[in-house]
Amino acid sequence: MPLHPGRPAGERPMSVNPFLGPANPVGGMTQAPPRHRLPDGPMAPSTAHQLVHDELMLDGNARLNLATFVTTWMEPEAGLLMAECRDKNMIDKDEYPRTAELERRCVAMLADLWHAPDPSKAVGCSTTGSSEACMLAGLALKRRWALRNAGRYPSREARPNLVMGVNVQVCWDKFCAFWEVEPRQVPMEGDRFHLDPAAAAELCDENTIGVVGILGSTFDGSYEPVAELCAALDDLQERTGLDVPVHVDGASGAMIAPFLDEDLVWDFRLDRVASVNTSGHKYGLVYPGVGWALWRDAAALPEELVFRVNYLGGEMPTFALNFSRPGAQVVAQYYSFLRLGRDGYRAVQQAARDVATGLSARIEALGDFRLLTRGDELPVFAFTTAPDVTGFDVFDVARRLRENGWLVPAYTFPANRQDLAVLRVVCRNGFSEDLADLFAEDLTRLLPELRSQSHPLTRDRNAATGFHH
């Protein structure tokens, strides 16, 4: 079954404005291209551009998308650099040695930022995003476990498992499905919306390849207690001899905590942390898609997973799921590191946190909502309707906000808290105090009509949710 089913036969072709015909206005109407097969012949570039441009007008405004963690604004100079590099294939390191050097510098900078014991010996690579980086980190965990258990794996009794909170991003579910690893998930309980260290340690056994800690849950923006998790696993090792490594999924938080929460210990300062990933295209402040995966040292990344390819005249080590991809995003990441430095990143991330905490306080003051988080970890907060609100729900709020252009996801929580439905606001660079004021004013303006409802208008929560990523 195709993932994208075809359209019914006989569907009309695309509509073309008569003025788009290059010389004959009537030709624009009679030579309209089909929608779901290649046109028979070429058309003028201006016509093709206008057709695509007009259809994309119906997309949401990225700057008003408070659902996405992905960067939606960069400086024009960064855009120019990306345009200069969009034709460079990142994998052609011999042909583009300076681009490869910028990648190496970014890895070194992140190793230093995340307190690798010896940043010069830390190993890492760029990826297309955190999803690929998590896959690579999971593969390294599995291979290290398999090498330690070579005497009994593969066998029916030795099925590898990975322990994590139920709040992990879907890429971890994909990893377990693709690489035949049993997912062991710690459910949410009460007002705890992420992994509990003691419960995670209880799920570990001799077949556990590692435990994933999330530095910034996508459900509510909270940090998982990575140091407490490592301490619980230290205690487990003392009691049982099991030595279970930790991977920190810092898709967002690994580019927030080093600047705003410098006293928080979550990274390679903890001996049990074997690897860390982040999304350069989230709070790394780069357009999608770029991510980063780092291991504390070469021992944490089995050499047999690193391929050395003789490609276009030179030997090239590579550890990635993708091969060809543009170098533009890596160059943009280096530009951002060079442009901002530590103080600049601190200022940008603090501004985002200030917007988040200020906006969450204004929403709480309305009286119709209850905050789950306040944006004081990730610049992200989640809120639900107050207990005495019965006339509308979060899905009604999301639907009405969208009428004003605001894209705010409404969704239910996973196992053990499916009863809880929330709205989540992601505050990124570019979502300014002024835009936050406009958002608060629009929400306030909608409330009288929402309060007048006798009941929520949502019939199907699964169809109403705006949280599909």
# chains A, B, ... in the order shown; residues from 1 in each chain; ligands from 1

call {"tool": "select_by_dssp", "arguments": {"residues": "region 115-276 of chain A", "states": "helix (DSSP H, G or I)", "output": "short mmCIF file (atom, residue, chain, number, x, y, z; two decimals) with N, CA, C and O atoms, in the first residue's frame"}}
result
data_model
loop_
_atom_site.label_atom_id
_atom_site.label_comp_id
_atom_site.auth_asym_id
_atom_site.auth_seq_id
_atom_site.Cartn_x
_atom_site.Cartn_y
_atom_site.Cartn_z
N SER A 130 18.28 15.37 14.40
CA SER A 130 18.42 14.54 15.59
C SER A 130 17.90 13.13 15.39
O SER A 130 18.37 12.21 16.05
N SER A 131 16.95 12.94 14.51
CA SER A 131 16.45 11.58 14.30
C SER A 131 17.56 10.66 13.80
O SER A 131 17.75 9.55 14.31
N GLU A 132 18.32 11.12 12.81
CA GLU A 132 19.44 10.31 12.33
C GLU A 132 20.50 10.19 13.42
O GLU A 132 21.08 9.10 13.62
N ALA A 133 20.76 11.26 14.14
CA ALA A 133 21.77 11.21 15.21
C ALA A 133 21.38 10.20 16.28
O ALA A 133 22.23 9.45 16.79
N CYS A 134 20.09 10.14 16.62
CA CYS A 134 19.63 9.16 17.61
C CYS A 134 19.78 7.74 17.08
O CYS A 134 20.13 6.82 17.83
N MET A 135 19.48 7.53 15.81
CA MET A 135 19.67 6.21 15.21
C MET A 135 21.13 5.78 15.33
O MET A 135 21.43 4.63 15.70
N LEU A 136 22.06 6.68 15.05
CA LEU A 136 23.47 6.35 15.12
C LEU A 136 23.89 6.06 16.56
O LEU A 136 24.63 5.10 16.83
N ALA A 137 23.41 6.86 17.49
CA ALA A 137 23.73 6.63 18.90
C ALA A 137 23.17 5.29 19.37
O ALA A 137 23.84 4.54 20.10
N GLY A 138 21.94 4.98 18.96
CA GLY A 138 21.35 3.69 19.32
C GLY A 138 22.11 2.52 18.73
O GLY A 138 22.31 1.49 19.40
N LEU A 139 22.55 2.67 17.48
CA LEU A 139 23.34 1.61 16.85
C LEU A 139 24.65 1.37 17.60
O LEU A 139 25.08 0.23 17.79
N ALA A 140 25.30 2.44 18.03
CA ALA A 140 26.55 2.30 18.78
C ALA A 140 26.29 1.59 20.11
O ALA A 140 27.06 0.72 20.54
N LEU A 141 25.19 1.95 20.80
CA LEU A 141 24.85 1.27 22.04
C LEU A 141 24.61 -0.22 21.81
O LEU A 141 25.09 -1.07 22.58
N LYS A 142 23.86 -0.53 20.76
CA LYS A 142 23.55 -1.93 20.50
C LYS A 142 24.82 -2.71 20.15
O LYS A 142 25.02 -3.84 20.63
N ARG A 143 25.69 -2.14 19.32
CA ARG A 143 26.89 -2.86 18.92
C ARG A 143 27.83 -3.06 20.12
O ARG A 143 28.45 -4.12 20.26
N ARG A 144 27.96 -2.05 20.97
CA ARG A 144 28.80 -2.22 22.16
C ARG A 144 28.26 -3.34 23.04
O ARG A 144 29.02 -4.16 23.57
N TRP A 145 26.93 -3.38 23.21
CA TRP A 145 26.32 -4.46 24.00
C TRP A 145 26.56 -5.81 23.33
O TRP A 145 26.90 -6.80 24.01
N ALA A 146 26.41 -5.88 22.00
CA ALA A 146 26.59 -7.14 21.28
C ALA A 146 28.02 -7.64 21.41
O ALA A 146 28.26 -8.85 21.58
N LEU A 147 29.00 -6.73 21.37
CA LEU A 147 30.39 -7.14 21.51
C LEU A 147 30.67 -7.67 22.92
O LEU A 147 31.44 -8.63 23.09
N ARG A 148 30.04 -7.03 23.92
CA ARG A 148 30.22 -7.52 25.30
C ARG A 148 29.55 -8.87 25.53
O ARG A 148 29.92 -9.61 26.44
N VAL A 170 9.43 10.16 18.52
CA VAL A 170 9.09 8.95 17.78
C VAL A 170 10.31 8.29 17.13
O VAL A 170 10.29 7.10 16.82
N CYS A 171 11.40 9.04 16.95
CA CYS A 171 12.59 8.44 16.33
C CYS A 171 13.11 7.26 17.14
O CYS A 171 13.68 6.31 16.58
N TRP A 172 12.91 7.27 18.47
CA TRP A 172 13.37 6.15 19.28
C TRP A 172 12.50 4.92 19.09
O TRP A 172 12.98 3.79 19.14
N ASP A 173 11.21 5.13 18.87
CA ASP A 173 10.34 4.00 18.51
C ASP A 173 10.76 3.42 17.17
O ASP A 173 10.76 2.20 16.97
N LYS A 174 11.12 4.31 16.25
CA LYS A 174 11.59 3.84 14.94
C LYS A 174 12.87 3.04 15.09
O LYS A 174 13.03 1.99 14.47
N PHE A 175 13.80 3.55 15.89
CA PHE A 175 15.05 2.83 16.09
C PHE A 175 14.79 1.41 16.57
O PHE A 175 15.36 0.44 16.05
N CYS A 176 13.95 1.28 17.58
CA CYS A 176 13.67 -0.05 18.13
C CYS A 176 13.01 -0.95 17.10
O CYS A 176 13.33 -2.15 17.03
N ALA A 177 12.12 -0.40 16.29
CA ALA A 177 11.45 -1.21 15.27
C ALA A 177 12.41 -1.60 14.15
O ALA A 177 12.43 -2.75 13.70
N PHE A 178 13.23 -0.65 13.70
CA PHE A 178 14.11 -0.91 12.57
C PHE A 178 15.25 -1.86 12.92
O PHE A 178 15.67 -2.67 12.09
N PRO A 197 14.02 8.10 37.37
CA PRO A 197 15.29 7.37 37.40
C PRO A 197 15.21 5.99 38.04
O PRO A 197 15.75 5.01 37.50
N ALA A 198 14.55 5.90 39.18
CA ALA A 198 14.46 4.60 39.86
C ALA A 198 13.68 3.60 39.03
O ALA A 198 14.05 2.42 38.92
N ALA A 199 12.58 4.06 38.42
CA ALA A 199 11.78 3.16 37.58
C ALA A 199 12.56 2.71 36.36
O ALA A 199 12.44 1.56 35.91
N ALA A 200 13.39 3.61 35.81
CA ALA A 200 14.21 3.24 34.65
C ALA A 200 15.22 2.16 35.03
O ALA A 200 15.42 1.18 34.30
N ALA A 201 15.87 2.34 36.17
CA ALA A 201 16.85 1.35 36.61
C ALA A 201 16.21 -0.01 36.84
O ALA A 201 16.82 -1.05 36.56
N GLU A 202 14.97 -0.01 37.33
CA GLU A 202 14.28 -1.28 37.58
C GLU A 202 14.01 -2.05 36.30
O GLU A 202 13.89 -3.28 36.31
N VAL A 226 19.00 13.86 34.33
CA VAL A 226 20.04 12.96 33.81
C VAL A 226 21.02 12.57 34.91
O VAL A 226 21.43 11.40 34.99
N ALA A 227 21.41 13.50 35.76
CA ALA A 227 22.36 13.18 36.83
C ALA A 227 21.75 12.15 37.79
O ALA A 227 22.42 11.20 38.22
N GLU A 228 20.47 12.31 38.13
CA GLU A 228 19.80 11.34 39.01
C GLU A 228 19.68 9.99 38.31
O GLU A 228 19.80 8.94 38.96
N LEU A 229 19.46 10.00 37.01
CA LEU A 229 19.40 8.75 36.26
C LEU A 229 20.74 8.03 36.33
O LEU A 229 20.80 6.81 36.58
N CYS A 230 21.82 8.76 36.11
CA CYS A 230 23.15 8.15 36.18
C CYS A 230 23.43 7.61 37.59
O CYS A 230 24.04 6.54 37.75
N ALA A 231 23.00 8.35 38.62
CA ALA A 231 23.20 7.89 39.99
C ALA A 231 22.43 6.60 40.25
O ALA A 231 22.94 5.68 40.92
N ALA A 232 21.21 6.51 39.72
CA ALA A 232 20.42 5.28 39.90
C ALA A 232 21.09 4.11 39.19
O ALA A 232 21.07 2.98 39.70
N LEU A 233 21.70 4.36 38.05
CA LEU A 233 22.40 3.29 37.33
C LEU A 233 23.72 2.94 38.00
O LEU A 233 24.18 1.79 37.95
N ASP A 234 24.35 3.93 38.65
CA ASP A 234 25.54 3.63 39.44
C ASP A 234 25.19 2.68 40.58
O ASP A 234 25.90 1.71 40.86
N ASP A 235 24.07 2.97 41.23
CA ASP A 235 23.61 2.10 42.33
C ASP A 235 23.27 0.71 41.80
O ASP A 235 23.58 -0.30 42.45
N LEU A 236 22.64 0.65 40.63
CA LEU A 236 22.32 -0.64 40.02
C LEU A 236 23.59 -1.45 39.77
O LEU A 236 23.62 -2.66 40.03
N GLN A 237 24.64 -0.80 39.29
CA GLN A 237 25.90 -1.50 39.04
C GLN A 237 26.51 -2.03 40.34
O GLN A 237 27.04 -3.15 40.39
N GLU A 238 26.44 -1.22 41.39
CA GLU A 238 26.98 -1.67 42.67
C GLU A 238 26.24 -2.91 43.18
O GLU A 238 26.83 -3.81 43.78
N ARG A 239 24.91 -2.95 42.94
CA ARG A 239 24.11 -4.06 43.46
C ARG A 239 24.17 -5.30 42.58
O ARG A 239 24.10 -6.43 43.07
N THR A 240 24.27 -5.10 41.27
CA THR A 240 24.12 -6.24 40.34
C THR A 240 25.31 -6.47 39.43
O THR A 240 25.39 -7.51 38.78
N GLY A 253 17.57 20.71 24.30
CA GLY A 253 18.20 21.19 25.52
C GLY A 253 19.71 21.26 25.49
O GLY A 253 20.30 22.04 26.25
N ALA A 254 20.35 20.47 24.63
CA ALA A 254 21.81 20.50 24.58
C ALA A 254 22.33 21.81 24.00
O ALA A 254 23.54 22.08 24.08
N MET A 255 21.45 22.63 23.42
CA MET A 255 21.84 23.95 22.96
C MET A 255 21.19 25.06 23.80
O MET A 255 21.25 26.23 23.45
N ALA A 257 20.86 24.36 27.77
CA ALA A 257 21.45 24.21 29.10
C ALA A 257 22.88 24.71 29.21
O ALA A 257 23.23 25.34 30.22
N PRO A 258 23.76 24.48 28.21
CA PRO A 258 25.14 24.97 28.38
C PRO A 258 25.24 26.48 28.55
O PRO A 258 26.22 26.97 29.12
N PHE A 259 24.24 27.21 28.09
CA PHE A 259 24.30 28.67 28.14
C PHE A 259 23.46 29.25 29.28
O PHE A 259 23.85 30.25 29.89
N LEU A 260 22.33 28.62 29.59
CA LEU A 260 21.42 29.18 30.59
C LEU A 260 21.43 28.41 31.91
O LEU A 260 20.99 28.96 32.93
#

call {"tool": "residues_around", "arguments": {"residues": "Leu294 (chain A)", "least_positions_apart": "6", "cutoff": "8 Å", "atoms": "only C-alpha atoms", "output": "ChimeraX atom specification"}}
result
/A:107,111,122-125,275-277

call {"tool": "residues_around", "arguments": {"residues": "region 450-459 of chain A", "least_positions_apart": "5", "cutoff": "10 Å", "atoms": "only C-alpha atoms", "output": "ChimeraX atom specification"}}
result
/A:368,389-397,399-400,445,464-465

call {"tool": "residues_around", "arguments": {"residues": "Asn89 (chain A)", "least_positions_apart": "4", "cutoff": "6 Å", "atoms": "only C-alpha atoms", "output": "PyMOL selection string"}}
result
chain A and resi 324-327

call {"tool": "select_by_dssp", "arguments": {"residues": "region 128-261 of chain A", "states": "strand (DSSP E)", "output": "PyMOL selection string"}}
result
chain A and resi 161-165+182-186+208-214+246-249

call {"tool": "atom_distance", "arguments": {"atom1": "CA of Met14 (chain A)", "atom2": "CA of His36 (chain A)"}}
result
9.8 Å

call {"tool": "closest_residue", "arguments": {"among": "A:Ala328, A:Val52, A:Cys106, A:Val181", "to": "Asp87 (chain A)", "atoms": "only C-alpha atoms"}}
result
A:Ala328

call {"tool": "closest_residue", "arguments": {"among": "A:Thr208, A:Asp220, A:Ala116, A:Tyr345", "to": "Asp243 (chain A)", "atoms": "only C-alpha atoms"}}
result
A:Thr208

call {"tool": "closest_residue", "arguments": {"among": "A:Met74, A:Leu215, A:Leu38, A:Ile209", "to": "Arg339 (chain A)", "atoms": "only C-alpha atoms"}}
result
A:Met74

call {"tool": "atom_distance", "arguments": {"atom1": "CA of Lys121 (chain A)", "atom2": "CA of Asn161 (chain A)"}}
result
28.8 Å
